Amino acid sequence: MDNVDINSAKVLVVDDHPFSRMVASELLALDGYNVLEAENGPSAIDLVLAEDPDIILLDVMMPGMDGYEVCRRLKADDHTRLIPVVFVTALHDRQARLRGIEAGGDDFLIKPFDELELSARVKSLIRQKRLNQDLDHAEKVLFSIARTVESRDPNTGDHCERLVNRGKAFGEFLGLCRNDVRDLMWGGYLHDIGKVGIADAILLKPGKFAPEEFEIMKTHVTIGERICQPLRTMRGVTPIIRHHHERWDGSGYPDGLKGNDIPYLAQVFQLIDIYDALSSERPYKKSFTPQESIAIMEEEADRNWRNPVLMQSFVEFIYVTEINKPNRDVWLDRYVKRTEQRVAS
Ligand SMILES: [Fe+2]
């Protein structure tokens, strides 16, 4: 069996019928797997946590906790979500398949088992699991590099954590799809990962950069892109990393992109990033109130640095999430007037 080390591969068979368990176990044992058995949902979950199997064959109908619930719980837990779950269903049970997909199941097998099909499915899912696991490790390495970078820079505090939370909230506010929201959140952690390649003397320099220092600082976006590019799961995040310092009028870096040539998620992310820098305290500045922060961002939008439509959505988002009710109506009124003036001029 190529690429799959059978001797170390563990298969967990979950079924309340002893005979069904026995049939599956014997077929799998013939292929050389180490087979574990559980007769109900709770003991299956205990066994998964204790034994970390490579794949689970899960009966749908069981008394007490059914197979869907077992699957949902395993997929909701970071420690077990990568273990492939194969639902074992009756022939033509379309409803069971649909519910299985909803619960996060990875594949289906029909009872009674076709020996060859069982063998092929189990083998390919174990191989897939090992690949995913490697990928997962690679992602974790990237996130921990990003954390190290953040902790090196005393200016930022919990900047990333706030970006992740606000990225999720603003992404949902804009009605973005789930993948885009996830990319925005990952961008929160990873956007400045390229600072790992910037010398302390520059990164930690108090005060303004000399022009040649600023040129070096700018390279953090391309270094970051290079670090994350090899991973397929980072495909949606790399445009955020590369382009989060572009400006709407083309005066940003690294490519001087203009308008909607700037990838949309990078435009969205940039607003969150700037707002956070303004509204939180740094060693060299106090924290601005939401109103003050928005006013500064609007001045920049007037200079044509930001997408005006997106800026308006962001202001609305900040009203809804951050501005206290007492000041809100006065401020909202002022904002509407200002927007009307801007549109008219
Ligand atoms: Fe940056």
# chains A, B, ... in the order shown; residues from 1 in each chain; ligands from 1
$ closest_atom_pairs --of "chain A" --to "ligand 1" --cutoff "9 Å" --atoms "only C-alpha atoms and all ligand atoms" --output "CSV"
residue,atom,partner,partner_atom_place_in_ligand_line,distance
A:His191,CA,ligand 1,1 (Fe),6.1
A:Asp192,CA,ligand 1,1 (Fe),4.8
A:Ile193,CA,ligand 1,1 (Fe),8.5
A:Gly194,CA,ligand 1,1 (Fe),8.3
A:Lys195,CA,ligand 1,1 (Fe),8.1
A:Met217,CA,ligand 1,1 (Fe),8.8
A:Lys218,CA,ligand 1,1 (Fe),7.9
A:His220,CA,ligand 1,1 (Fe),6.8
A:Val221,CA,ligand 1,1 (Fe),6.4
A:Ile241,CA,ligand 1,1 (Fe),7.6
A:Arg242,CA,ligand 1,1 (Fe),8.7
A:His243,CA,ligand 1,1 (Fe),8.9
A:His244,CA,ligand 1,1 (Fe),6.5
A:His245,CA,ligand 1,1 (Fe),6.5
A:Asp273,CA,ligand 1,1 (Fe),8.5
$ write_last_selection --atoms "N, CA and C atoms" --output "mmCIF file, in the first residue's frame"
data_model
loop_
_atom_site.group_PDB
_atom_site.id
_atom_site.type_symbol
_atom_site.label_atom_id
_atom_site.label_comp_id
_atom_site.auth_asym_id
_atom_site.auth_seq_id
_atom_site.Cartn_x
_atom_site.Cartn_y
_atom_site.Cartn_z
ATOM 1 N N HIS A 191 -0.822 39.700 8.191
ATOM 2 C CA HIS A 191 -0.515 40.786 7.244
ATOM 3 C C HIS A 191 0.910 41.320 7.386
ATOM 4 N N ASP A 192 1.427 41.359 8.616
ATOM 5 C CA ASP A 192 2.765 41.931 8.817
ATOM 6 C C ASP A 192 3.813 40.858 9.099
ATOM 7 N N ILE A 193 3.533 39.611 8.713
ATOM 8 C CA ILE A 193 4.470 38.519 9.009
ATOM 9 C C ILE A 193 5.842 38.804 8.380
ATOM 10 N N GLY A 194 5.854 39.571 7.282
ATOM 11 C CA GLY A 194 7.114 39.882 6.606
ATOM 12 C C GLY A 194 8.054 40.738 7.447
ATOM 13 N N LYS A 195 7.525 41.310 8.547
ATOM 14 C CA LYS A 195 8.405 42.100 9.425
ATOM 15 C C LYS A 195 9.468 41.230 10.073
ATOM 16 N N MET A 217 11.556 49.179 5.180
ATOM 17 C CA MET A 217 10.326 48.835 5.901
ATOM 18 C C MET A 217 9.226 48.371 4.932
ATOM 19 N N LYS A 218 9.170 49.048 3.792
ATOM 20 C CA LYS A 218 8.136 48.704 2.797
ATOM 21 C C LYS A 218 8.243 47.253 2.323
ATOM 22 N N HIS A 220 8.356 44.681 3.872
ATOM 23 C CA HIS A 220 7.681 43.662 4.701
ATOM 24 C C HIS A 220 6.500 43.032 3.959
ATOM 25 N N VAL A 221 5.899 43.782 3.029
ATOM 26 C CA VAL A 221 4.722 43.219 2.345
ATOM 27 C C VAL A 221 5.124 42.139 1.330
ATOM 28 N N ILE A 241 -1.821 40.477 2.253
ATOM 29 C CA ILE A 241 -0.464 40.717 2.761
ATOM 30 C C ILE A 241 0.287 41.670 1.821
ATOM 31 N N ARG A 242 0.215 41.411 0.521
ATOM 32 C CA ARG A 242 0.986 42.229 -0.418
ATOM 33 C C ARG A 242 0.432 43.654 -0.554
ATOM 34 N N HIS A 243 -0.881 43.779 -0.527
ATOM 35 C CA HIS A 243 -1.477 45.064 -0.935
ATOM 36 C C HIS A 243 -2.106 45.883 0.192
ATOM 37 N N HIS A 244 -1.830 45.555 1.456
ATOM 38 C CA HIS A 244 -2.534 46.297 2.506
ATOM 39 C C HIS A 244 -2.004 47.716 2.716
ATOM 40 N N HIS A 245 -0.956 48.124 1.967
ATOM 41 C CA HIS A 245 -0.498 49.516 2.042
ATOM 42 C C HIS A 245 -0.668 50.268 0.716
ATOM 43 N N ASP A 273 -7.217 47.935 9.685
ATOM 44 C CA ASP A 273 -5.844 48.090 10.180
ATOM 45 C C ASP A 273 -5.591 49.539 10.619
#
$ residues_around --residues "region 28-39 of chain A" --least-positions-apart "3" --cutoff "10 Å" --atoms "only C-alpha atoms" --output "NGL selection string"
:A and (1 or 5-18 or 21-25 or 42-48 or 51 or 53-54 or 56-59 or 62-63 or 115 or 118-119 or 122-123)
$ write_last_selection --atoms "C-alpha atoms" --output "PDB file, in the first residue's frame"
ATOM      1  CA  MET A   1       0.000   0.000   0.000  1.00  0.00           C
ATOM      2  CA  ASP A   5       1.960   3.151   6.612  1.00  0.00           C
ATOM      3  CA  ILE A   6      -0.599   0.449   7.426  1.00  0.00           C
ATOM      4  CA  ASN A   7       1.041  -0.708  10.590  1.00  0.00           C
ATOM      5  CA  SER A   8       0.570   2.627  12.279  1.00  0.00           C
ATOM      6  CA  ALA A   9      -2.848   3.469  10.729  1.00  0.00           C
ATOM      7  CA  LYS A  10      -5.751   3.150  13.155  1.00  0.00           C
ATOM      8  CA  VAL A  11      -9.359   2.761  12.049  1.00  0.00           C
ATOM      9  CA  LEU A  12     -12.198   3.262  14.519  1.00  0.00           C
ATOM     10  CA  VAL A  13     -15.422   1.382  13.727  1.00  0.00           C
ATOM     11  CA  VAL A  14     -18.488   2.766  15.515  1.00  0.00           C
ATOM     12  CA  ASP A  15     -21.672   0.705  15.349  1.00  0.00           C
ATOM     13  CA  ASP A  16     -24.201  -0.454  17.937  1.00  0.00           C
ATOM     14  CA  HIS A  17     -24.626  -3.819  16.180  1.00  0.00           C
ATOM     15  CA  PRO A  18     -21.858  -6.268  17.157  1.00  0.00           C
ATOM     16  CA  ARG A  21     -18.714  -4.084  13.740  1.00  0.00           C
ATOM     17  CA  MET A  22     -17.251  -7.528  13.363  1.00  0.00           C
ATOM     18  CA  VAL A  23     -17.676  -7.570   9.559  1.00  0.00           C
ATOM     19  CA  ALA A  24     -16.023  -4.169   9.127  1.00  0.00           C
ATOM     20  CA  SER A  25     -13.247  -4.999  11.581  1.00  0.00           C
ATOM     21  CA  PRO A  42     -20.009   8.725  23.888  1.00  0.00           C
ATOM     22  CA  SER A  43     -17.546   5.833  23.988  1.00  0.00           C
ATOM     23  CA  ALA A  44     -16.565   6.612  20.367  1.00  0.00           C
ATOM     24  CA  ILE A  45     -15.694  10.185  21.349  1.00  0.00           C
ATOM     25  CA  ASP A  46     -13.696   8.983  24.376  1.00  0.00           C
ATOM     26  CA  LEU A  47     -11.808   6.544  22.185  1.00  0.00           C
ATOM     27  CA  VAL A  48     -11.070   9.222  19.560  1.00  0.00           C
ATOM     28  CA  GLU A  51      -6.356   6.929  20.588  1.00  0.00           C
ATOM     29  CA  PRO A  53      -7.449   7.272  15.031  1.00  0.00           C
ATOM     30  CA  ASP A  54      -6.644   8.023  11.368  1.00  0.00           C
ATOM     31  CA  ILE A  56     -13.637   6.750  11.674  1.00  0.00           C
ATOM     32  CA  LEU A  57     -16.358   4.559  10.152  1.00  0.00           C
ATOM     33  CA  LEU A  58     -19.500   5.841  11.789  1.00  0.00           C
ATOM     34  CA  ASP A  59     -22.919   4.242  11.854  1.00  0.00           C
ATOM     35  CA  MET A  62     -27.429   4.502  17.155  1.00  0.00           C
ATOM     36  CA  PRO A  63     -29.429   4.744  20.369  1.00  0.00           C
ATOM     37  CA  GLU A 115     -14.771  -5.186   0.222  1.00  0.00           C
ATOM     38  CA  LEU A 118     -14.080  -0.159   1.654  1.00  0.00           C
ATOM     39  CA  SER A 119     -10.387  -0.806   1.201  1.00  0.00           C
ATOM     40  CA  VAL A 122     -10.160   3.999   3.720  1.00  0.00           C
ATOM     41  CA  LYS A 123      -6.751   4.098   2.058  1.00  0.00           C
TER      42      LYS A 123
END
$ closest_residue --among "A:Lys75, A:Ile296, A:Met185, A:Asn307" --to "Ile262 (chain A)" --atoms "only C-alpha atoms"
A:Asn307
$ residues_around --residues "region 159-168 of chain A" --least-positions-apart "2" --cutoff "12 Å" --atoms "only C-alpha atoms" --output "JSON, numbers by chain"
{"A": [143, 146, 147, 148, 149, 150, 151, 153, 154, 155, 156, 157, 170, 171, 172, 173, 174, 175, 176, 177, 178, 179, 180, 181, 182, 183, 184, 185, 186, 187, 188, 189, 190, 191, 192, 193, 240, 265, 266, 267, 268, 269, 270, 271, 272, 273, 274, 275, 276, 277, 278, 279, 280, 281, 282, 314, 317, 318, 321, 322]}
$ write_last_selection --atoms "C-alpha atoms" --output "mmCIF file, in the first residue's frame"
data_model
loop_
_atom_site.group_PDB
_atom_site.id
_atom_site.type_symbol
_atom_site.label_atom_id
_atom_site.label_comp_id
_atom_site.auth_asym_id
_atom_site.auth_seq_id
_atom_site.Cartn_x
_atom_site.Cartn_y
_atom_site.Cartn_z
ATOM 1 C CA PHE A 143 0.726 31.783 12.750
ATOM 2 C CA ALA A 146 3.314 36.041 13.048
ATOM 3 C CA ARG A 147 2.825 36.044 16.835
ATOM 4 C CA THR A 148 6.566 36.259 17.385
ATOM 5 C CA VAL A 149 6.754 39.216 15.040
ATOM 6 C CA GLU A 150 3.945 40.918 16.919
ATOM 7 C CA SER A 151 5.613 40.357 20.282
ATOM 8 C CA ASP A 153 7.143 45.064 18.194
ATOM 9 C CA PRO A 154 6.086 46.788 21.442
ATOM 10 C CA ASN A 155 4.031 49.281 19.438
ATOM 11 C CA THR A 156 1.296 46.901 18.553
ATOM 12 C CA GLY A 157 0.099 45.150 21.753
ATOM 13 C CA PHE A 170 -16.803 44.002 9.345
ATOM 14 C CA GLY A 171 -16.649 41.154 6.809
ATOM 15 C CA GLU A 172 -20.004 39.882 8.041
ATOM 16 C CA PHE A 173 -21.373 43.429 8.082
ATOM 17 C CA LEU A 174 -20.445 43.723 4.391
ATOM 18 C CA GLY A 175 -22.126 40.378 3.683
ATOM 19 C CA LEU A 176 -18.895 38.714 2.464
ATOM 20 C CA CYS A 177 -18.862 34.955 1.931
ATOM 21 C CA ARG A 178 -17.429 32.651 4.589
ATOM 22 C CA ASN A 179 -14.095 32.167 2.824
ATOM 23 C CA ASP A 180 -13.577 35.899 2.438
ATOM 24 C CA VAL A 181 -14.353 36.445 6.113
ATOM 25 C CA ARG A 182 -11.846 33.719 6.997
ATOM 26 C CA ASP A 183 -9.208 35.312 4.750
ATOM 27 C CA LEU A 184 -9.786 38.681 6.421
ATOM 28 C CA MET A 185 -9.360 37.079 9.834
ATOM 29 C CA TRP A 186 -6.180 35.291 8.756
ATOM 30 C CA GLY A 187 -4.995 38.573 7.290
ATOM 31 C CA GLY A 188 -5.351 39.988 10.807
ATOM 32 C CA TYR A 189 -2.745 37.547 12.046
ATOM 33 C CA LEU A 190 -0.518 37.394 9.006
ATOM 34 C CA HIS A 191 -0.515 40.786 7.244
ATOM 35 C CA ASP A 192 2.765 41.931 8.817
ATOM 36 C CA ILE A 193 4.470 38.519 9.009
ATOM 37 C CA ILE A 240 -4.073 41.138 1.659
ATOM 38 C CA LEU A 265 -10.106 42.243 0.565
ATOM 39 C CA ALA A 266 -6.917 44.302 0.845
ATOM 40 C CA GLN A 267 -9.059 47.469 0.646
ATOM 41 C CA VAL A 268 -11.378 46.123 3.334
ATOM 42 C CA PHE A 269 -8.529 44.985 5.554
ATOM 43 C CA GLN A 270 -6.697 48.294 5.262
ATOM 44 C CA LEU A 271 -9.597 50.207 6.818
ATOM 45 C CA ILE A 272 -9.621 47.873 9.808
ATOM 46 C CA ASP A 273 -5.844 48.090 10.180
ATOM 47 C CA ILE A 274 -5.744 51.890 10.070
ATOM 48 C CA TYR A 275 -8.731 52.264 12.371
ATOM 49 C CA ASP A 276 -7.078 50.019 14.926
ATOM 50 C CA ALA A 277 -3.807 51.958 14.776
ATOM 51 C CA LEU A 278 -5.694 55.214 15.355
ATOM 52 C CA SER A 279 -8.086 54.019 18.052
ATOM 53 C CA SER A 280 -5.511 52.241 20.211
ATOM 54 C CA GLU A 281 -2.732 53.693 22.288
ATOM 55 C CA ARG A 282 0.844 53.532 21.027
ATOM 56 C CA PHE A 314 -16.954 51.335 7.384
ATOM 57 C CA PHE A 317 -20.129 49.760 10.735
ATOM 58 C CA ILE A 318 -18.318 51.792 13.391
ATOM 59 C CA THR A 321 -20.540 48.590 16.771
ATOM 60 C CA GLU A 322 -18.595 51.266 18.635
#
$ select_by_dssp --residues "region 121-260 of chain A" --states "helix (DSSP H, G or I)" --output "VMD selection string"
chain A and resid 121 to 152 159 to 173 178 to 190 193 to 197 200 to 203 211 to 218 220 to 228 232 to 234 238 to 243 259 to 260
$ select_by_dssp --residues "region 89-259 of chain A" --states "strand (DSSP E)" --output "list of chain:residue names"
A:Thr89, A:Ala90, A:Asp107, A:Phe108, A:Leu109, A:Ile110, A:Lys111
$ write_last_selection --atoms "C-alpha atoms" --output "PDB file, in the first residue's frame"
ATOM      1  CA  THR A  89     -25.609   4.315   5.547  1.00  0.00           C
ATOM      2  CA  ALA A  90     -28.197   2.092   3.932  1.00  0.00           C
ATOM      3  CA  ASP A 107     -17.466  10.359   2.827  1.00  0.00           C
ATOM      4  CA  PHE A 108     -20.112   7.627   2.765  1.00  0.00           C
ATOM      5  CA  LEU A 109     -20.080   3.880   2.570  1.00  0.00           C
ATOM      6  CA  ILE A 110     -23.053   1.669   1.966  1.00  0.00           C
ATOM      7  CA  LYS A 111     -23.906  -1.361   4.080  1.00  0.00           C
TER       8      LYS A 111
END
$ residues_around --residues "Arg232 (chain A)" --least-positions-apart "2" --cutoff "12 Å" --atoms "only C-alpha atoms" --output "PyMOL selection string"
chain A and resi 132+135-136+138-139+228-230+234-238
$ write_last_selection --atoms "N, CA and C atoms" --output "PDB file, in the first residue's frame"
ATOM      1  N   ASN A 132      -3.397  16.659   4.926  1.00  0.00           N
ATOM      2  CA  ASN A 132      -4.014  17.791   5.628  1.00  0.00           C
ATOM      3  C   ASN A 132      -3.278  18.111   6.916  1.00  0.00           C
ATOM      4  N   LEU A 135      -0.249  20.046   6.221  1.00  0.00           N
ATOM      5  CA  LEU A 135      -0.628  21.405   5.877  1.00  0.00           C
ATOM      6  C   LEU A 135      -0.981  22.180   7.134  1.00  0.00           C
ATOM      7  N   ASP A 136      -1.727  21.529   7.997  1.00  0.00           N
ATOM      8  CA  ASP A 136      -2.148  22.152   9.235  1.00  0.00           C
ATOM      9  C   ASP A 136      -0.928  22.556  10.059  1.00  0.00           C
ATOM     10  N   ALA A 138       1.987  23.301   8.854  1.00  0.00           N
ATOM     11  CA  ALA A 138       2.621  24.430   8.170  1.00  0.00           C
ATOM     12  C   ALA A 138       1.887  25.733   8.511  1.00  0.00           C
ATOM     13  N   GLU A 139       0.549  25.683   8.530  1.00  0.00           N
ATOM     14  CA  GLU A 139      -0.215  26.886   8.887  1.00  0.00           C
ATOM     15  C   GLU A 139       0.113  27.321  10.306  1.00  0.00           C
ATOM     16  N   CYS A 228       4.166  33.210   2.681  1.00  0.00           N
ATOM     17  CA  CYS A 228       2.871  32.508   2.706  1.00  0.00           C
ATOM     18  C   CYS A 228       2.477  31.898   1.363  1.00  0.00           C
ATOM     19  N   GLN A 229       3.106  32.373   0.292  1.00  0.00           N
ATOM     20  CA  GLN A 229       2.691  31.953  -1.043  1.00  0.00           C
ATOM     21  C   GLN A 229       2.694  30.432  -1.295  1.00  0.00           C
ATOM     22  N   PRO A 230       3.675  29.687  -0.782  1.00  0.00           N
ATOM     23  CA  PRO A 230       3.700  28.267  -1.126  1.00  0.00           C
ATOM     24  C   PRO A 230       2.484  27.477  -0.633  1.00  0.00           C
ATOM     25  N   MET A 234      -3.404  29.642   1.652  1.00  0.00           N
ATOM     26  CA  MET A 234      -3.124  31.064   1.866  1.00  0.00           C
ATOM     27  C   MET A 234      -3.460  31.894   0.622  1.00  0.00           C
ATOM     28  N   ARG A 235      -4.021  31.244  -0.386  1.00  0.00           N
ATOM     29  CA  ARG A 235      -4.255  31.920  -1.663  1.00  0.00           C
ATOM     30  C   ARG A 235      -5.060  33.208  -1.506  1.00  0.00           C
ATOM     31  N   GLY A 236      -6.066  33.171  -0.638  1.00  0.00           N
ATOM     32  CA  GLY A 236      -6.897  34.368  -0.448  1.00  0.00           C
ATOM     33  C   GLY A 236      -6.256  35.392   0.471  1.00  0.00           C
ATOM     34  N   VAL A 237      -5.222  34.991   1.206  1.00  0.00           N
ATOM     35  CA  VAL A 237      -4.622  35.883   2.198  1.00  0.00           C
ATOM     36  C   VAL A 237      -3.446  36.660   1.614  1.00  0.00           C
ATOM     37  N   THR A 238      -2.737  36.042   0.658  1.00  0.00           N
ATOM     38  CA  THR A 238      -1.539  36.716   0.123  1.00  0.00           C
ATOM     39  C   THR A 238      -1.844  38.077  -0.526  1.00  0.00           C
TER      40      THR A 238
END
$ closest_residue --among "A:Ser293, A:Thr219, A:Ser287, A:Gln312" --to "Ala199 (chain A)" --atoms "only C-alpha atoms"
A:Thr219
$ atom_distance --atom1 "CA of Asp200 (chain A)" --atom2 "CA of Tyr284 (chain A)"
17.5 Å
$ residues_around --residues "Asp261 (chain A)" --least-positions-apart "3" --cutoff "10 Å" --atoms "only C-alpha atoms" --output "number ranges by chain"
A: 246, 248, 250, 256-258, 264
$ write_last_selection --atoms "C-alpha atoms" --output "PDB file, in the first residue's frame"
ATOM      1  CA  GLU A 246      -1.769  50.477  -1.422  1.00  0.00           C
ATOM      2  CA  TRP A 248      -6.872  54.361  -3.904  1.00  0.00           C
ATOM      3  CA  GLY A 250      -2.066  54.918  -6.651  1.00  0.00           C
ATOM      4  CA  GLY A 256       1.121  51.674  -6.753  1.00  0.00           C
ATOM      5  CA  LEU A 257      -2.180  50.028  -7.732  1.00  0.00           C
ATOM      6  CA  LYS A 258      -5.116  52.374  -8.278  1.00  0.00           C
ATOM      7  CA  TYR A 264     -11.001  44.117  -2.618  1.00  0.00           C
TER       8      TYR A 264
END
$ closest_residue --among "A:Asp106, A:Asp255, A:Asp78, A:Glu299" --to "Leu125 (chain A)" --atoms "only C-alpha atoms"
A:Asp106
